[in-house]
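Containing mmCIF, C-alpha atoms: query20.cif.
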data_run
loop_
_atom_site.label_atom_id
_atom_site.label_comp_id
_atom_site.auth_asym_id
_atom_site.auth_seq_id
_atom_site.Cartn_x
_atom_site.Cartn_y
_atom_site.Cartn_z
CA MET K 1 168.70 86.21 134.22
CA PRO K 2 165.10 87.21 135.11
CA LEU K 3 164.00 90.85 134.96
CA THR K 4 163.39 92.84 138.09
CA PRO K 5 159.90 94.24 138.62
CA GLU K 6 161.13 97.73 137.72
CA GLU K 7 162.77 96.57 134.48
CA GLU K 8 159.67 94.65 133.47
CA LYS K 9 157.50 97.71 134.14
CA ARG K 10 159.72 99.99 132.05
CA LEU K 11 159.76 97.44 129.19
CA ARG K 12 155.98 97.18 129.16
CA GLU K 13 155.63 100.98 129.15
CA LYS K 14 158.07 101.25 126.25
CA ILE K 15 156.22 98.64 124.19
CA ARG K 16 152.87 100.34 124.87
CA LYS K 17 154.26 103.70 123.73
CA GLU K 18 155.54 102.13 120.50
CA LEU K 19 152.15 100.57 119.83
CA GLU K 20 150.36 103.84 120.53
CA GLU K 21 152.73 105.68 118.17
CA ARG K 22 152.15 103.12 115.44
CA GLU K 23 148.39 103.40 115.87
CA ARG K 24 148.63 107.19 115.71
CA ARG K 25 150.59 107.08 112.45
CA ILE K 26 148.10 104.65 110.91
CA ARG K 27 145.17 106.87 111.85
CA GLN K 28 146.98 109.94 110.55
CA SER K 29 147.69 108.18 107.24
CA GLN K 30 144.07 107.10 106.91
CA GLU K 31 142.86 110.62 107.63
CA GLU K 32 145.21 112.05 105.00
CA GLU K 33 144.03 109.49 102.43
CA GLU K 34 140.42 110.34 103.19
CA LYS K 35 141.13 114.06 102.82
CA GLU K 36 142.88 113.43 99.48
CA ARG K 37 139.95 111.34 98.26
CA GLN K 38 137.51 114.07 99.23
CA ARG K 39 139.67 116.66 97.47
CA ARG K 40 139.77 114.63 94.24
CA MET K 41 136.03 114.12 94.33
CA GLU K 42 135.49 117.84 94.81
CA GLU K 43 137.89 118.61 91.97
CA ARG K 44 136.09 116.21 89.60
CA LEU K 45 132.78 117.72 90.61
CA ARG K 46 134.07 121.22 89.90
CA ILE K 47 135.37 120.13 86.48
CA GLN K 48 132.07 118.44 85.67
CA ILE K 49 130.07 121.51 86.69
CA ARG K 50 132.39 123.72 84.64
CA GLU K 51 132.03 121.50 81.56
CA GLU K 52 128.26 121.42 81.92
CA GLU K 53 128.03 125.19 82.29
CA GLU K 54 130.47 125.70 79.41
CA GLU K 55 128.48 123.40 77.13
CA ARG K 56 125.21 125.09 78.12
CA PHE K 57 126.70 128.52 77.55
CA TYR K 58 128.05 127.79 74.05
CA THR K 59 125.05 125.71 73.02
CA GLU K 60 122.67 128.56 73.83
CA ARG K 61 124.70 130.77 71.50
CA GLY K 62 124.64 128.31 68.60
CA TYR K 63 128.19 126.96 68.87
CA VAL K 64 129.10 123.34 68.10
CA LYS K 65 131.50 121.16 70.05
CA TYR K 66 134.45 120.16 67.85
CA ILE K 67 137.33 117.76 68.62
CA ASN K 68 140.49 118.86 66.83
CA HIS K 69 143.29 116.62 65.55
CA ARG K 70 145.16 116.94 68.87
CA GLY K 71 142.17 115.68 70.84
CA GLY K 72 141.33 119.08 72.29
CA VAL K 73 137.81 120.54 72.53
CA GLU K 74 136.88 123.67 70.60
CA TRP K 75 133.55 125.50 70.34
CA LEU K 76 132.99 126.66 66.78
CA THR K 77 130.19 127.91 64.65
CA PRO K 78 128.62 125.38 62.25
CA GLU K 79 130.31 127.15 59.34
CA GLU K 80 133.72 126.84 60.97
CA VAL K 81 133.12 123.15 61.68
CA GLU K 82 132.24 122.51 58.04
CA GLN K 83 135.35 124.38 56.90
CA ARG K 84 137.52 122.31 59.22
CA LYS K 85 136.05 119.07 57.86
CA GLN K 86 136.56 120.12 54.25
CA ARG K 87 140.12 121.17 55.01
CA ARG K 88 140.86 117.83 56.64
CA LYS K 89 139.51 115.90 53.62
CA SER K 90 141.51 117.91 51.10
CA ARG K 91 144.70 117.89 53.12
CA LYS K 92 147.41 115.70 51.56
CA PRO K 93 149.30 113.30 53.78
CA SER K 94 152.47 114.72 55.13
CA SER K 95 155.86 113.53 53.93
CA ARG K 96 156.46 111.95 57.30
CA ARG K 97 153.25 109.95 57.05
CA ALA K 98 154.11 108.86 53.50
CA ALA K 99 157.58 107.78 54.61
CA ARG K 100 156.08 105.81 57.47
CA LYS K 101 153.72 104.07 55.05
CA LYS K 102 156.60 103.20 52.73
CA ARG K 103 158.53 101.72 55.63
CA LYS K 104 155.57 99.55 56.55
CA VAL K 105 155.25 98.27 52.98
CA LEU K 106 158.98 97.57 52.82
CA GLN K 107 158.83 95.72 56.13
CA TRP K 108 155.97 93.55 54.85
CA VAL K 109 157.98 92.73 51.72
CA ILE K 110 161.05 91.81 53.77
CA ASN K 111 159.00 89.64 56.14
CA GLY K 112 157.34 87.89 53.20
CA GLY K 113 160.73 87.20 51.63
CA ILE K 114 162.06 85.75 54.88
CA VAL K 115 159.02 83.49 55.23
CA PHE K 116 159.37 82.31 51.62
CA ILE K 117 163.08 81.52 52.02
CA ALA K 118 162.44 79.66 55.28
CA LEU K 119 159.64 77.61 53.70
CA PHE K 120 161.74 76.80 50.62
CA THR K 121 164.68 75.72 52.82
CA PHE K 122 162.43 73.51 54.92
CA LEU K 123 160.91 71.80 51.88
CA PHE K 124 164.34 71.30 50.32
CA PHE K 125 165.81 69.61 53.38
CA TYR K 126 162.60 67.65 53.97
CA LYS K 127 162.78 66.18 50.45
CA PHE K 128 166.50 65.59 50.02
CA TYR K 129 167.64 65.09 53.62
CA PRO K 130 165.02 63.03 55.45
CA ALA K 131 165.06 62.77 59.20
CA LYS K 132 167.27 60.13 60.73
CA GLY K 133 164.28 58.51 62.36
CA LYS K 134 162.72 57.50 59.03
CA SER K 135 163.07 53.87 57.93
CA VAL K 136 164.85 54.48 54.64
CA GLY K 137 168.03 53.27 53.01
CA THR K 138 170.16 53.79 49.92
CA VAL K 139 170.62 51.60 46.85
CA VAL K 140 173.61 51.85 44.50
CA VAL K 141 172.84 50.44 41.04
CA GLN K 142 175.79 49.75 38.73
CA SER K 143 176.28 48.10 35.37
CA ASP K 144 179.31 47.34 33.23
CA VAL K 145 177.65 49.32 30.43
CA PRO K 146 176.31 52.68 31.67
CA GLY K 147 173.06 54.32 30.64
CA ALA K 148 170.57 51.57 31.47
CA ARG K 149 167.15 52.60 32.76
CA ILE K 150 166.55 51.60 36.41
CA PHE K 151 163.34 49.91 37.57
CA ILE K 152 162.34 49.49 41.24
CA ASP K 153 159.65 46.91 42.01
CA GLY K 154 158.73 46.88 38.33
CA ILE K 155 158.17 50.66 38.25
CA GLU K 156 160.24 52.75 35.88
CA THR K 157 162.33 55.51 37.46
CA PRO K 158 163.92 58.58 35.81
CA ARG K 159 167.39 57.30 36.75
CA PHE K 160 170.11 55.55 34.72
CA THR K 161 173.08 53.45 35.72
CA PRO K 162 175.36 54.05 37.45
CA ASP K 163 173.39 55.91 40.10
CA THR K 164 172.84 56.13 43.85
CA ILE K 165 169.17 56.15 44.85
CA PRO K 166 168.48 57.55 48.34
CA ASN K 167 165.37 57.43 50.52
CA ILE K 168 164.31 53.90 49.55
CA LYS K 169 161.81 52.54 52.07
CA ALA K 170 163.29 49.80 54.23
CA GLY K 171 162.19 46.30 53.27
CA ILE K 172 162.30 43.90 50.33
CA HIS K 173 162.66 45.43 46.86
CA TYR K 174 163.33 44.14 43.35
CA ILE K 175 165.78 46.00 41.14
CA SER K 176 166.03 45.60 37.37
CA ILE K 177 167.45 47.62 34.48
CA TYR K 178 166.81 47.91 30.76
CA LYS K 179 168.87 49.16 27.85
CA GLU K 180 167.78 48.72 24.27
CA GLY K 181 169.96 46.34 22.30
CA PHE K 182 171.39 44.61 25.38
CA ALA K 183 170.59 41.47 27.33
CA ILE K 184 170.65 41.94 31.12
CA TRP K 185 172.05 39.51 33.67
CA PRO K 186 170.68 38.89 36.18
CA PRO K 187 167.23 39.98 34.96
CA VAL K 188 166.07 40.92 38.47
CA VAL K 189 167.89 41.31 41.79
CA ARG K 190 166.07 40.93 45.11
CA ILE K 191 167.53 43.06 47.91
CA ALA K 192 166.65 43.79 51.53
CA VAL K 193 167.05 47.52 52.20
CA GLY K 194 167.95 48.26 55.81
CA LYS K 195 167.37 51.41 57.80
CA ASN K 196 170.17 53.91 57.13
CA LYS K 197 172.04 51.19 55.20
CA THR K 198 173.48 51.15 51.67
CA GLN K 199 172.96 48.22 49.30
CA SER K 200 174.85 47.72 46.03
CA VAL K 201 173.47 45.99 42.94
CA GLN K 202 175.62 44.97 39.96
CA PHE K 203 174.33 44.08 36.49
CA GLN K 204 176.07 42.81 33.37
CA LEU K 205 174.92 43.86 29.91
CA LYS K 206 175.66 41.74 26.85
CA ASN K 207 175.43 43.35 23.45
CA ALA K 208 172.50 41.84 21.63
CA ALA K 209 172.70 43.64 18.34
CA GLN K 210 170.80 40.81 16.67
CA MET K 211 167.07 41.28 17.12
CA GLY K 212 164.19 38.92 16.65
CA THR K 213 160.45 39.34 16.22
CA VAL K 214 157.82 38.13 18.68
CA MET K 215 154.13 38.00 17.75
CA ILE K 216 151.53 37.82 20.52
CA ARG K 217 148.11 36.32 19.84
CA THR K 218 145.23 36.68 22.32
CA ASN K 219 141.46 36.56 22.33
CA VAL K 220 141.15 40.04 23.94
CA SER K 221 142.79 43.34 22.99
CA GLY K 222 143.92 46.23 25.19
CA TYR K 223 146.44 44.33 27.30
CA SER K 224 149.90 45.30 28.60
CA VAL K 225 153.03 43.33 27.71
CA PHE K 226 155.90 42.64 30.11
CA VAL K 227 159.24 41.23 28.96
CA ASP K 228 161.49 39.96 31.74
CA GLY K 229 159.30 41.87 34.21
CA ILE K 230 159.63 45.21 32.39
CA PRO K 231 156.66 46.86 30.60
CA GLN K 232 157.16 47.12 26.85
CA ALA K 233 155.77 49.39 24.18
CA TYR K 234 154.60 47.47 21.12
CA THR K 235 153.01 48.08 17.73
CA GLY K 236 149.99 45.94 17.02
CA ASN K 237 150.89 42.52 18.40
CA THR K 238 154.58 42.58 17.40
CA LEU K 239 157.67 43.05 19.58
CA GLU K 240 161.31 43.46 18.59
CA LEU K 241 163.52 41.78 21.22
CA PRO K 242 167.22 40.91 21.47
CA VAL K 243 168.10 37.37 20.52
CA GLY K 244 168.05 35.04 23.51
CA TYR K 245 165.73 33.70 26.17
CA HIS K 246 162.96 35.96 27.48
CA THR K 247 159.92 35.66 29.74
CA ILE K 248 156.72 37.08 28.23
CA MET K 249 153.68 38.07 30.31
CA ILE K 250 150.49 39.92 29.41
CA ILE K 251 148.25 41.77 31.87
CA LYS K 252 144.73 43.14 31.56
CA LYS K 253 142.67 44.41 34.46
CA GLY K 254 139.80 42.07 35.29
CA TYR K 255 141.29 39.16 33.33
CA LEU K 256 143.56 36.21 34.03
CA ALA K 257 146.08 35.10 31.43
CA SER K 258 146.52 31.46 30.57
CA PRO K 259 149.30 30.50 30.77
CA ASN K 260 150.58 33.05 33.28
CA TYR K 261 153.79 33.52 31.30
CA ARG K 262 155.82 31.95 28.52
CA ARG K 263 159.55 31.36 28.40
CA ILE K 264 160.67 31.69 24.78
CA LEU K 265 163.85 31.71 22.71
CA VAL K 266 164.02 34.63 20.29
CA THR K 267 165.97 34.01 17.08
CA THR K 268 166.62 35.90 13.89
CA SER K 269 165.46 33.09 11.63
CA GLN K 270 161.71 33.49 11.97
CA PRO K 271 159.15 35.33 14.14
CA LYS K 272 158.24 33.66 17.41
CA VAL K 273 154.48 33.29 17.95
CA VAL K 274 153.24 33.35 21.56
CA ASP K 275 149.62 32.45 22.36
CA PHE K 276 147.73 33.62 25.46
CA THR K 277 144.10 33.30 26.51
CA LEU K 278 142.53 36.01 28.68
CA GLU K 279 139.51 34.99 30.73
CA PRO K 280 137.35 37.29 32.93
CA ALA K 281 138.15 37.01 36.64
CA ASP K 282 135.26 38.14 38.85
CA GLU K 283 136.45 36.50 42.04
CA ILE K 284 139.68 36.79 44.01
CA ALA K 285 141.42 33.82 45.58
CA SER K 286 144.66 33.18 47.43
CA ILE K 287 147.61 31.26 46.02
CA ARG K 288 150.69 29.57 47.42
CA VAL K 289 153.88 29.60 45.38
CA PHE K 290 156.51 26.87 45.70
CA SER K 291 159.91 26.62 44.03
CA SER K 292 162.96 24.40 44.20
CA GLN K 293 165.12 27.37 45.23
CA ARG K 294 164.54 29.98 47.89
CA ASP K 295 164.27 33.77 47.38
CA ALA K 296 162.78 33.49 43.89
CA ALA K 297 160.93 36.52 42.48
CA VAL K 298 157.13 36.22 42.29
CA TYR K 299 155.12 38.30 39.79
CA ILE K 300 151.44 39.11 40.29
CA ASN K 301 149.88 41.17 37.50
CA GLY K 302 153.33 42.13 36.33
CA LYS K 303 154.39 43.51 39.72
CA TYR K 304 156.82 42.02 42.18
CA THR K 305 155.32 40.88 45.46
#
I'd like the structure from this file rewritten - as structure tokens, please.
Amino acid sequence: MPLTPEEEKRLREKIRKELEERERRIRQSQEEEEKERQRRMEERLRIQIREEEEERFYTERGYVKYINHRGGVEWLTPEEVEQRKQRRKSRKPSSRRAARKKRKVLQWVINGGIVFIALFTFLFFYKFYPAKGKSVGTVVVQSDVPGARIFIDGIETPRFTPDTIPNIKAGIHYISIYKEGFAIWPPVVRIAVGKNKTQSVQFQLKNAAQMGTVMIRTNVSGYSVFVDGIPQAYTGNTLELPVGYHTIMIIKKGYLASPNYRRILVTTSQPKVVDFTLEPADEIASIRVFSSQRDAAVYINGKYT
């Protein structure tokens, strides 16, 4: 319903009065703020003038401005200032200050201990419990006669059968074992380690109490000897091996052995003489290996490939 002329007039007058009242309050507030600002400026000016006059007054009389331990200003004679300084130097720390210092030291010790424990825990779990995302698996090595040294890819490990070896990188690996006085079958086992998988390897050891002598003859000294893929310690050029068939290889950096290996039968009747020729190898070439059976182990410089 439209407004009558009288109603419209009264409404407009009411709105105008409200606007005028609002404007009046704004102006009043601005005036009060301006007065307060002027008052603060005058107060600061008075304080500044007082400080200047106070400093001039005491300075003319030979006093020195001194800031005490509470932050307050004092005007003292030079002798009094020197006494205050000497007293402050000779003053021993209060018991409260000493206790506060001890608490700080104790807190540092506690924090250091917490950091050390956290770091040790992290390293422990990082080493023995690798993340699930890593491509590693587990190999279980067993033998019918325990106590055989375990080799992985021709490298000696500090483990003995039976044992479970975790954190083996996924891929193809060659497992072998060695125990003095025993013949191992099979000599080497080729396995494919899968991610987060467990592979089992079983070996049989046959007592080889009878030992035979093997003599190695070469044209160059300082070589390494491998028997059935396992490095051997030897005295001079003589080896003591269990009776039976063995594969002998010799390795020397920068040389090629001819032949690459020898398959021999060790007996107790007489020493077995094995001849090798080592020739310098300055160049590197590629080779292709063929065999009548698949998945055969290939040795290059005494290491599985």
Which residues are close to K:Asn167, i.e. within 8 Å by all atoms listed in the file, leaving aside same-chain residues fewer than 2 positions away? Reply as a ChimeraX atom specification.
/K:130,136-138,165,169
Can you spit out the residues from that selection as a PDB file, keeping the file's coordinate frame, using C-alpha atoms?
ATOM      1  CA  PRO K 130     165.020  63.030  55.450  1.00  0.00           C
ATOM      2  CA  VAL K 136     164.850  54.480  54.640  1.00  0.00           C
ATOM      3  CA  GLY K 137     168.030  53.270  53.010  1.00  0.00           C
ATOM      4  CA  THR K 138     170.160  53.790  49.920  1.00  0.00           C
ATOM      5  CA  ILE K 165     169.170  56.150  44.850  1.00  0.00           C
ATOM      6  CA  LYS K 169     161.810  52.540  52.070  1.00  0.00           C
TER       7      LYS K 169
END
How many Å separate atom CA of K:Gly71 from atom CA of K:Lys85?
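These atoms are spaced 14.7 Å apart.
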Closest to K:Val227 among K:Val266, K:Ile287, K:Ile172, K:Val193, using all atoms listed in the file?
K:Val266
Protein, DNA and RNA residues within 10 Å of (159.7, 37.5, 20.6), all atoms listed in the file, as a PyMOL selection string
chain K and resi 211-216+227+238-248+263-268+270-274
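In terms of minimum interatomic distance to K:Asp275, K:Thr218 ranks closest within K:Val289, K:Thr218, K:Glu34, K:Ile230, counting only C-alpha atoms.
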Nearest to K:Val189 by atom-to-atom distance, counting only C-alpha atoms, from K:Glu18, K:Glu13, K:Glu36, K:Asp228:
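With only C-alpha atoms as the atom set, the closest residue is K:Asp228.
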Using all atoms listed in the file, which of K:Glu60, K:Glu20, K:Glu55, K:Glu8 sits nearest K:Trp75?
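Looking at the shortest contact to K:Trp75, the residue is K:Glu55.
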Nearest residue to K:Arg87 out of K:Val109, K:His69, K:Arg262, K:Asp144, using only C-alpha atoms?
K:His69
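Within a radius of 7 Å around (172.6, 52.9, 34.3), the polymer residues are Gln142, Ser143, Pro146, Gly147, Ala148, Arg149, Ile150, Phe160, Thr161, Pro162 and Asp163 of chain K, counting only C-alpha atoms.
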Between K:Gln232, K:Arg16, K:Ile47, K:Val225, which has the minimum distance to K:Lys179 (counting all atoms listed in the file)?
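Of the candidates, the smallest distance to K:Lys179 is held by K:Gln232.
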Separation of atom CA of K:Lys252 and atom CA of K:Glu279, in Å?
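Distance between the two atoms: 9.7 Å.
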Please indicate the distance in Å from atom CA of K:Arg61 to atom CA of K:Glu80, rounded to one decimal place.
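Interatomic distance here is 14.4 Å.
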Selection near K:Ile152, 12 Å with all atoms listed in the file, sequence-local residues under 3 positions removed, as a PyMOL selection string
chain K and resi 139-141+149+155-160+165+168-169+172-178+188-191+201+229-230+303-305
With all heavy atoms as the goal, would you fill in the gaps in stretch 103-114 of chain K and present it as a CSV table (one decimal), in the coordinates of the input?
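The file below, selection-v6.csv, is the result:
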chain,number,residue,atom,x,y,z
K,103,ARG,N,157.8,102.6,54.8
K,103,ARG,CA,158.5,101.7,55.6
K,103,ARG,C,157.7,100.5,56.0
K,103,ARG,O,158.2,99.4,56.1
K,103,ARG,CB,159.0,102.5,56.9
K,103,ARG,CG,160.1,103.4,56.7
K,103,ARG,CD,160.8,103.8,58.0
K,103,ARG,NE,159.8,104.5,58.9
K,103,ARG,CZ,159.7,105.8,58.9
K,103,ARG,NH1,160.4,106.6,58.1
K,103,ARG,NH2,158.8,106.3,59.8
K,104,LYS,N,156.4,100.7,56.2
K,104,LYS,CA,155.6,99.6,56.6
K,104,LYS,C,155.5,98.6,55.4
K,104,LYS,O,155.6,97.4,55.5
K,104,LYS,CB,154.2,100.0,56.9
K,104,LYS,CG,154.1,100.7,58.3
K,104,LYS,CD,152.6,101.0,58.6
K,104,LYS,CE,152.5,101.6,60.0
K,104,LYS,NZ,151.1,102.0,60.3
K,105,VAL,N,155.3,99.1,54.2
K,105,VAL,CA,155.2,98.3,53.0
K,105,VAL,C,156.6,97.5,52.8
K,105,VAL,O,156.6,96.3,52.5
K,105,VAL,CB,154.9,99.1,51.7
K,105,VAL,CG1,155.0,98.3,50.5
K,105,VAL,CG2,153.5,99.7,51.9
K,106,LEU,N,157.7,98.2,53.0
K,106,LEU,CA,159.0,97.6,52.8
K,106,LEU,C,159.2,96.5,53.9
K,106,LEU,O,159.7,95.4,53.6
K,106,LEU,CB,160.1,98.6,52.9
K,106,LEU,CG,161.5,98.1,52.8
K,106,LEU,CD1,161.7,97.5,51.4
K,106,LEU,CD2,162.5,99.3,53.0
K,107,GLN,N,158.7,96.7,55.1
K,107,GLN,CA,158.8,95.7,56.1
K,107,GLN,C,158.0,94.5,55.8
K,107,GLN,O,158.4,93.3,56.0
K,107,GLN,CB,158.4,96.3,57.5
K,107,GLN,CG,158.6,95.4,58.7
K,107,GLN,CD,160.1,95.2,58.9
K,107,GLN,OE1,160.9,96.1,58.8
K,107,GLN,NE2,160.5,94.0,59.2
K,108,TRP,N,156.8,94.7,55.2
K,108,TRP,CA,156.0,93.6,54.8
K,108,TRP,C,156.7,92.7,53.7
K,108,TRP,O,156.6,91.5,53.8
K,108,TRP,CB,154.6,94.0,54.4
K,108,TRP,CG,153.6,94.3,55.5
K,108,TRP,CD1,153.2,95.4,56.0
K,108,TRP,CD2,152.9,93.2,56.2
K,108,TRP,NE1,152.3,95.2,57.0
K,108,TRP,CE2,152.1,93.9,57.1
K,108,TRP,CE3,152.9,91.8,56.1
K,108,TRP,CZ2,151.3,93.2,58.0
K,108,TRP,CZ3,152.0,91.2,56.9
K,108,TRP,CH2,151.2,91.8,57.9
K,109,VAL,N,157.3,93.4,52.8
K,109,VAL,CA,158.0,92.7,51.7
K,109,VAL,C,159.1,91.9,52.3
K,109,VAL,O,159.4,90.8,51.9
K,109,VAL,CB,158.5,93.7,50.7
K,109,VAL,CG1,159.3,93.0,49.6
K,109,VAL,CG2,157.3,94.4,50.0
K,110,ILE,N,159.9,92.5,53.2
K,110,ILE,CA,161.0,91.8,53.8
K,110,ILE,C,160.6,90.6,54.6
K,110,ILE,O,161.1,89.5,54.4
K,110,ILE,CB,161.9,92.8,54.7
K,110,ILE,CG1,162.5,93.9,53.8
K,110,ILE,CG2,162.9,92.0,55.4
K,110,ILE,CD1,163.2,94.9,54.6
K,111,ASN,N,159.5,90.8,55.4
K,111,ASN,CA,159.0,89.6,56.1
K,111,ASN,C,158.5,88.5,55.2
K,111,ASN,O,158.7,87.3,55.5
K,111,ASN,CB,157.9,90.1,57.1
K,111,ASN,CG,158.4,91.0,58.1
K,111,ASN,OD1,159.6,91.0,58.5
K,111,ASN,ND2,157.5,91.8,58.7
K,112,GLY,N,157.8,88.9,54.1
K,112,GLY,CA,157.3,87.9,53.2
K,112,GLY,C,158.5,87.1,52.6
K,112,GLY,O,158.4,85.9,52.4
K,113,GLY,N,159.6,87.9,52.2
K,113,GLY,CA,160.7,87.2,51.6
K,113,GLY,C,161.4,86.2,52.6
K,113,GLY,O,161.8,85.1,52.2
K,114,ILE,N,161.5,86.6,53.9
K,114,ILE,CA,162.1,85.8,54.9
K,114,ILE,C,161.2,84.5,55.0
K,114,ILE,O,161.8,83.4,55.1
K,114,ILE,CB,162.2,86.5,56.2
K,114,ILE,CG1,163.2,87.6,56.1
K,114,ILE,CG2,162.6,85.6,57.3
K,114,ILE,CD1,163.3,88.5,57.3
